[in-house]
>>> print(open('protein-v1.cif').read())   # mmCIF, C-alpha atoms
data_upload
loop_
_atom_site.label_atom_id
_atom_site.label_comp_id
_atom_site.auth_asym_id
_atom_site.auth_seq_id
_atom_site.Cartn_x
_atom_site.Cartn_y
_atom_site.Cartn_z
CA MET W 1 76.16 88.17 -72.64
CA SER W 2 73.19 88.38 -70.29
CA MET W 3 72.06 85.52 -68.08
CA THR W 4 68.67 85.40 -69.80
CA ARG W 5 70.23 85.21 -73.25
CA LEU W 6 72.58 82.45 -72.12
CA ILE W 7 69.69 80.40 -70.74
CA VAL W 8 67.51 80.86 -73.83
CA ARG W 9 70.41 79.90 -76.10
CA HIS W 10 70.50 76.44 -74.53
CA TYR W 11 66.81 76.13 -73.61
CA LYS W 12 64.92 77.74 -76.46
CA TYR W 13 61.52 76.76 -75.08
CA LEU W 14 62.07 79.24 -72.24
CA ASN W 15 60.93 82.31 -74.12
CA ASP W 16 61.20 85.76 -72.57
CA PRO W 17 57.82 86.03 -70.78
CA ARG W 18 58.12 82.56 -69.30
CA LEU W 19 61.75 82.99 -68.26
CA ARG W 20 61.10 86.34 -66.62
CA GLU W 21 58.43 84.76 -64.46
CA ILE W 22 60.82 81.99 -63.43
CA LEU W 23 63.61 84.41 -62.54
CA LYS W 24 61.28 86.41 -60.30
CA LYS W 25 61.59 83.58 -57.75
CA PRO W 26 65.36 83.01 -57.47
CA GLU W 27 64.97 81.11 -54.20
CA SER W 28 63.34 78.29 -56.20
CA LEU W 29 66.20 78.05 -58.73
CA LEU W 30 69.07 75.57 -58.81
CA PHE W 31 72.03 76.15 -61.12
CA ILE W 32 74.32 73.16 -61.69
CA PHE W 33 77.81 73.69 -63.10
CA ASP W 34 79.33 70.30 -63.77
CA GLY W 35 83.11 70.02 -64.11
CA LEU W 36 84.78 73.20 -62.89
CA ASP W 37 88.15 71.51 -63.43
CA GLU W 38 87.34 71.22 -67.15
CA TYR W 39 86.38 74.88 -67.54
CA LYS W 40 88.98 76.81 -69.50
CA HIS W 41 88.33 80.19 -67.86
CA LYS W 42 89.32 81.06 -64.32
CA LEU W 43 86.72 82.19 -61.81
CA ASP W 44 87.88 85.37 -60.10
CA PHE W 45 86.02 85.93 -56.84
CA THR W 46 87.97 89.11 -56.09
CA GLN W 47 86.69 91.03 -59.10
CA GLU W 48 84.48 94.02 -58.37
CA TRP W 49 82.70 94.10 -61.74
CA LEU W 50 79.78 91.79 -61.02
CA CYS W 51 76.38 91.31 -62.57
CA SER W 52 73.22 92.10 -60.61
CA ASN W 53 70.60 92.08 -63.37
CA PRO W 54 69.92 88.85 -65.33
CA GLU W 55 69.03 90.92 -68.40
CA GLU W 56 72.18 93.02 -68.26
CA ASP W 57 74.54 92.43 -71.19
CA TYR W 58 78.31 92.55 -71.62
CA PHE W 59 79.24 89.94 -69.03
CA PRO W 60 81.36 86.91 -69.91
CA VAL W 61 80.08 83.55 -68.70
CA HIS W 62 82.68 83.18 -65.95
CA SER W 63 81.59 86.55 -64.52
CA LEU W 64 77.98 85.39 -64.49
CA VAL W 65 79.00 82.28 -62.55
CA THR W 66 81.01 84.37 -60.10
CA SER W 67 78.07 86.73 -59.66
CA LEU W 68 75.74 83.83 -58.87
CA VAL W 69 78.14 82.44 -56.26
CA ARG W 70 78.71 85.86 -54.70
CA ARG W 71 74.93 86.38 -54.60
CA THR W 72 74.87 89.65 -56.51
CA LEU W 73 72.89 87.94 -59.27
CA LEU W 74 69.58 86.21 -58.51
CA LYS W 75 70.17 86.37 -54.78
CA GLY W 76 68.59 83.42 -53.03
CA CYS W 77 69.24 80.86 -55.76
CA THR W 78 71.21 77.68 -55.11
CA VAL W 79 74.44 76.99 -57.01
CA LEU W 80 75.87 73.47 -57.21
CA ILE W 81 79.40 73.12 -58.59
CA THR W 82 81.12 69.79 -59.22
CA THR W 83 84.85 69.51 -59.63
CA ARG W 84 87.85 67.29 -59.16
CA PRO W 85 89.93 68.19 -56.08
CA THR W 86 92.62 69.71 -58.32
CA ALA W 87 90.40 72.72 -59.07
CA LEU W 88 89.22 73.44 -55.53
CA GLU W 89 91.72 76.27 -55.30
CA ALA W 90 89.70 78.08 -57.98
CA LEU W 91 86.77 78.35 -55.55
CA ASP W 92 86.40 80.85 -52.75
CA MET W 93 85.66 78.32 -50.02
CA GLU W 94 84.49 81.05 -47.64
CA ARG W 95 81.49 81.52 -49.91
CA VAL W 96 80.63 77.82 -49.97
CA ASP W 97 77.85 76.92 -47.55
CA ARG W 98 78.55 73.21 -47.68
CA PHE W 99 80.55 70.74 -49.69
CA ALA W 100 80.56 66.98 -50.10
CA GLU W 101 83.23 64.56 -51.27
CA ILE W 102 82.22 61.59 -53.41
CA LEU W 103 84.30 58.69 -52.18
CA GLY W 104 83.50 56.22 -54.94
CA PHE W 105 82.63 52.53 -54.68
CA PHE W 106 83.30 50.45 -51.60
CA PRO W 107 84.60 46.91 -52.31
CA GLU W 108 81.20 45.22 -52.05
CA GLN W 109 79.67 47.88 -54.30
CA ARG W 110 82.25 47.15 -57.00
CA LEU W 111 81.16 43.52 -57.23
CA MET W 112 77.51 44.60 -57.27
CA TYR W 113 78.25 47.00 -60.13
CA PHE W 114 79.98 44.28 -62.16
CA LYS W 115 77.05 41.90 -61.76
CA LYS W 116 74.53 44.55 -62.80
CA PHE W 117 76.65 45.74 -65.72
CA PHE W 118 77.13 42.25 -67.14
CA GLY W 119 73.51 41.30 -66.56
CA ASP W 120 74.77 37.83 -65.66
CA ALA W 121 75.90 37.26 -62.08
CA ASP W 122 78.31 34.45 -63.00
CA GLN W 123 80.04 36.37 -65.78
CA GLY W 124 80.13 39.49 -63.65
CA SER W 125 81.74 37.56 -60.80
CA GLU W 126 84.26 35.97 -63.18
CA ALA W 127 85.27 39.37 -64.55
CA PHE W 128 85.45 40.85 -61.06
CA GLN W 129 87.65 37.99 -59.86
CA TYR W 130 90.02 38.76 -62.71
CA VAL W 131 90.12 42.42 -61.69
CA GLU W 132 90.69 41.55 -58.01
CA GLU W 133 93.88 39.74 -59.01
CA ASN W 134 95.19 42.89 -60.68
CA ASP W 135 96.01 45.59 -58.12
CA ILE W 136 96.04 48.38 -60.69
CA LEU W 137 92.64 47.61 -62.21
CA TYR W 138 91.08 46.84 -58.83
CA THR W 139 92.22 50.16 -57.39
CA MET W 140 90.81 52.01 -60.40
CA CYS W 141 87.39 50.47 -59.79
CA PHE W 142 86.72 52.75 -56.83
CA ASN W 143 85.99 55.45 -59.42
CA PRO W 144 82.57 54.84 -61.07
CA SER W 145 83.77 56.22 -64.42
CA TYR W 146 86.80 53.94 -64.51
CA CYS W 147 84.66 51.05 -63.31
CA TRP W 148 82.37 51.60 -66.30
CA ILE W 149 85.33 51.65 -68.70
CA ILE W 150 86.80 48.46 -67.20
CA CYS W 151 83.43 46.71 -67.37
CA SER W 152 82.92 47.84 -70.97
CA VAL W 153 86.23 46.30 -72.00
CA LEU W 154 85.93 43.12 -69.95
CA LYS W 155 82.35 42.46 -71.00
CA SER W 156 83.47 42.36 -74.61
CA HIS W 157 86.28 40.01 -73.58
CA PHE W 158 84.45 37.61 -71.26
CA MET W 159 81.36 37.33 -73.45
CA THR W 160 83.51 36.17 -76.36
CA PRO W 161 83.75 32.35 -76.62
CA GLU W 162 86.82 31.19 -74.70
CA GLU W 163 88.52 29.68 -77.75
CA GLU W 164 88.21 33.02 -79.58
CA ARG W 165 89.37 35.29 -76.77
CA GLY W 166 92.58 37.22 -76.88
CA ALA W 167 94.50 38.23 -73.79
CA ALA W 168 92.62 40.29 -71.22
CA PRO W 169 94.09 43.71 -70.38
CA ARG W 170 96.54 43.77 -67.49
CA THR W 171 97.83 47.34 -67.62
CA VAL W 172 96.14 50.73 -67.83
CA THR W 173 97.59 51.22 -71.31
CA GLU W 174 96.18 47.91 -72.55
CA LEU W 175 92.83 48.74 -70.97
CA PHE W 176 92.45 52.09 -72.70
CA VAL W 177 93.79 50.82 -76.03
CA MET W 178 91.11 48.12 -75.99
CA PHE W 179 88.49 50.66 -74.92
CA LEU W 180 89.38 52.99 -77.79
CA HIS W 181 89.55 50.04 -80.18
CA ASN W 182 85.98 49.12 -79.22
CA ILE W 183 84.82 52.69 -79.78
CA LEU W 184 86.51 52.97 -83.15
CA THR W 185 85.23 49.56 -84.23
CA ASN W 186 81.63 50.00 -83.13
CA HIS W 187 81.06 53.71 -83.60
CA LYS W 188 83.46 54.80 -86.33
CA ARG W 189 83.23 52.13 -88.99
CA GLU W 190 84.53 54.50 -91.64
CA ALA W 191 87.85 54.82 -89.80
CA LYS W 192 90.27 52.78 -91.88
CA ASP W 193 93.63 52.92 -90.13
CA GLN W 194 92.89 52.43 -86.44
CA ARG W 195 96.55 52.14 -85.49
CA GLU W 196 97.26 55.55 -86.99
CA ILE W 197 94.30 57.03 -85.13
CA LEU W 198 95.48 55.54 -81.84
CA VAL W 199 98.96 56.98 -82.36
CA LYS W 200 97.47 60.42 -83.02
CA LEU W 201 95.27 60.13 -79.94
CA GLY W 202 98.36 59.20 -77.94
CA LYS W 203 100.18 62.31 -79.16
CA MET W 204 97.20 64.49 -78.31
CA ALA W 205 96.92 62.88 -74.86
CA TYR W 206 100.62 63.48 -74.20
CA TYR W 207 100.22 67.11 -75.25
CA GLY W 208 97.24 67.44 -72.91
CA VAL W 209 99.12 65.96 -69.95
CA ALA W 210 102.21 68.08 -70.60
CA ASN W 211 100.13 71.26 -70.84
CA LYS W 212 97.53 70.38 -68.18
CA ILE W 213 94.68 70.33 -70.71
CA LEU W 214 91.76 68.10 -69.72
CA VAL W 215 89.37 68.97 -72.54
CA PHE W 216 90.15 69.89 -76.13
CA TYR W 217 87.51 72.46 -77.07
CA ASP W 218 88.58 73.91 -80.38
CA LYS W 219 88.52 72.49 -83.89
CA PHE W 220 92.03 73.84 -84.35
CA GLU W 221 93.39 71.86 -81.39
CA ILE W 222 91.92 68.62 -82.72
CA SER W 223 92.82 69.27 -86.34
CA THR W 224 96.42 69.97 -85.30
CA PHE W 225 96.74 66.27 -84.50
CA GLY W 226 94.94 65.19 -87.68
CA LEU W 227 91.87 63.95 -85.82
CA GLN W 228 89.22 66.34 -87.11
CA PRO W 229 87.63 63.78 -89.48
CA VAL W 230 87.34 61.24 -86.66
CA LEU W 231 86.45 63.17 -83.51
CA SER W 232 83.76 65.63 -82.66
CA TYR W 233 84.58 68.31 -80.13
CA PRO W 234 84.87 69.05 -77.25
CA PHE W 235 86.89 65.90 -76.61
CA LEU W 236 87.90 64.74 -73.14
#
>>> encode(input="protein-v1.cif", output="structure tokens")
Amino acid sequence: MSMTRLIVRHYKYLNDPRLREILKKPESLLFIFDGLDEYKHKLDFTQEWLCSNPEEDYFPVHSLVTSLVRRTLLKGCTVLITTRPTALEALDMERVDRFAEILGFFPEQRLMYFKKFFGDADQGSEAFQYVEENDILYTMCFNPSYCWIICSVLKSHFMTPEEERGAAPRTVTELFVMFLHNILTNHKREAKDQREILVKLGKMAYYGVANKILVFYDKFEISTFGLQPVLSYPFL
């Protein structure tokens, strides 16, 4: 596949004449590849078969990415790649001009996030106080994604009248079960047996952990666990 065809496939409004004009000024281009650790193909920076022409066909996507990073394709463009630390070994760090590490939320930022998420400073503070008393949940809050999940679950809990509340989550398992329960309840009303779905999700998650799979891309992978009617794909 050529670079131009790949771009037009995802951005159909960039027709050929317009795209060609854009690609004539590579120094003004920024390519963002988000989630290298979730990419199922390996980037090989030692390969000699690289692309130099954006209209040249017969190159797989991972070769196009490698060509951009090695500056044989659209020389002068900027390439930004995000990844978890586990996939850094897949990059040729000698070809990286600069890198930055996102450290996550500092303690005072966590409280600020809770207050903004809840939209009510008192309820946000109450939920945050609960999290502070739980070392596991509090530690997870340094990660913005986990902080969002925790807030999503606790908002549903703390905004329920006290006499109607169940127990708040205290473990990671309880947290994610409640999170998935909320998703299935609010976004998949046709799902009848939620317990069965959660068990199937658990089996798929175990398979992913055991085989180092972060994202399930294929219909076959999802249908193997009997989740095709419930989940779209790719599923993280």
>>> resolve_selection(input="protein-v1.cif", expression="the PyMOL selection byres ((chain W and resi 101) around 10)", output="JSON list (two decimals) with C-alpha atoms, in the frame of the given file")
[["chain", "number", "residue", "atom", "x", "y", "z"],
["W", 82, "THR", "CA", 81.12, 69.79, -59.22],
["W", 83, "THR", "CA", 84.85, 69.51, -59.63],
["W", 84, "ARG", "CA", 87.85, 67.29, -59.16],
["W", 85, "PRO", "CA", 89.93, 68.19, -56.08],
["W", 99, "PHE", "CA", 80.55, 70.74, -49.69],
["W", 100, "ALA", "CA", 80.56, 66.98, -50.10],
["W", 102, "ILE", "CA", 82.22, 61.59, -53.41],
["W", 103, "LEU", "CA", 84.30, 58.69, -52.18],
["W", 104, "GLY", "CA", 83.50, 56.22, -54.94]]
>>> atom_distance(input="protein-v1.cif", atom1="atom CA of W:Arg110", atom2="atom CA of W:Val153")
15.5 Å
>>> atom_distance(input="protein-v1.cif", atom1="atom CA of W:Arg71", atom2="atom CA of W:Leu214")
29.1 Å
>>> resolve_selection(input="protein-v1.cif", expression="the PyMOL selection byres ((chain W and resi 118) around 12)", output="VMD selection string")
chain W and resid 111 to 117 119 to 128 148 150 to 159
>>> atom_distance(input="protein-v1.cif", atom1="atom CA of W:Trp49", atom2="atom CA of W:Ser63")
8.1 Å
>>> closest_residue(input="protein-v1.cif", among="W:Leu19, W:Cys147, W:Asp92, W:Arg5", to="W:Leu43", atoms="only C-alpha atoms")
W:Asp92
>>> resolve_selection(input="protein-v1.cif", expression="the PyMOL selection byres ((chain W and resi 194-202) around 8)", output="list in words")
Val177, Leu180, His181, Leu184, Ala191, Lys192, Asp193, Lys203, Met204, Ala205, Tyr206, Phe225, Gly226 and Leu227 of chain W
>>> residues_around(input="protein-v1.cif", residues="stretch 54-61 of chain W", least_positions_apart="6", cutoff="9 Å", atoms="all atoms listed in the file", output="list in words")
Met1, Ser2, Met3, Thr4, Arg5, Leu6, Leu23, His41, Leu73 and Leu74 of chain W
>>> write_last_selection(input="protein-v1.cif", atoms="C-alpha atoms", output="PDB file, keeping the file's coordinate frame")
ATOM      1  CA  MET W   1      76.160  88.170 -72.640  1.00  0.00           C
ATOM      2  CA  SER W   2      73.190  88.380 -70.290  1.00  0.00           C
ATOM      3  CA  MET W   3      72.060  85.520 -68.080  1.00  0.00           C
ATOM      4  CA  THR W   4      68.670  85.400 -69.800  1.00  0.00           C
ATOM      5  CA  ARG W   5      70.230  85.210 -73.250  1.00  0.00           C
ATOM      6  CA  LEU W   6      72.580  82.450 -72.120  1.00  0.00           C
ATOM      7  CA  LEU W  23      63.610  84.410 -62.540  1.00  0.00           C
ATOM      8  CA  HIS W  41      88.330  80.190 -67.860  1.00  0.00           C
ATOM      9  CA  LEU W  73      72.890  87.940 -59.270  1.00  0.00           C
ATOM     10  CA  LEU W  74      69.580  86.210 -58.510  1.00  0.00           C
TER      11      LEU W  74
END
>>> axis_aligned_box(input="protein-v1.cif", around="stretch 190-208 of chain W", padding_each_side="6 Å", output="JSON")
{"center_x": 92.6, "center_y": 59.8, "center_z": -82.4, "size_x": 28.1, "size_y": 27.3, "size_z": 31.0}
>>> closest_residue(input="protein-v1.cif", among="W:Ile32, W:Cys77, W:Leu175, W:Val65", to="W:Leu91", atoms="only C-alpha atoms")
W:Val65
>>> residues_near_point(input="protein-v1.cif", point="(90.3, 48.0, -62.2)", cutoff="9 Å", atoms="all atoms listed in the file", output="list of chain:residue names")
W:Phe128, W:Val131, W:Glu132, W:Asn134, W:Asp135, W:Ile136, W:Leu137, W:Tyr138, W:Thr139, W:Met140, W:Cys141, W:Phe142, W:Tyr146, W:Cys147, W:Ile149, W:Ile150, W:Cys151, W:Val172
>>> residues_around(input="protein-v1.cif", residues="W:Lys42", least_positions_apart="6", cutoff="10 Å", atoms="all atoms listed in the file", output="list in words")
Leu36, His62, Ser63, Thr66, Ala87, Ala90 and Leu91 of chain W
>>> closest_residue(input="protein-v1.cif", among="W:Ala167, W:Phe220, W:Val215, W:Gly76", to="W:Tyr39", atoms="all atoms listed in the file")
W:Val215
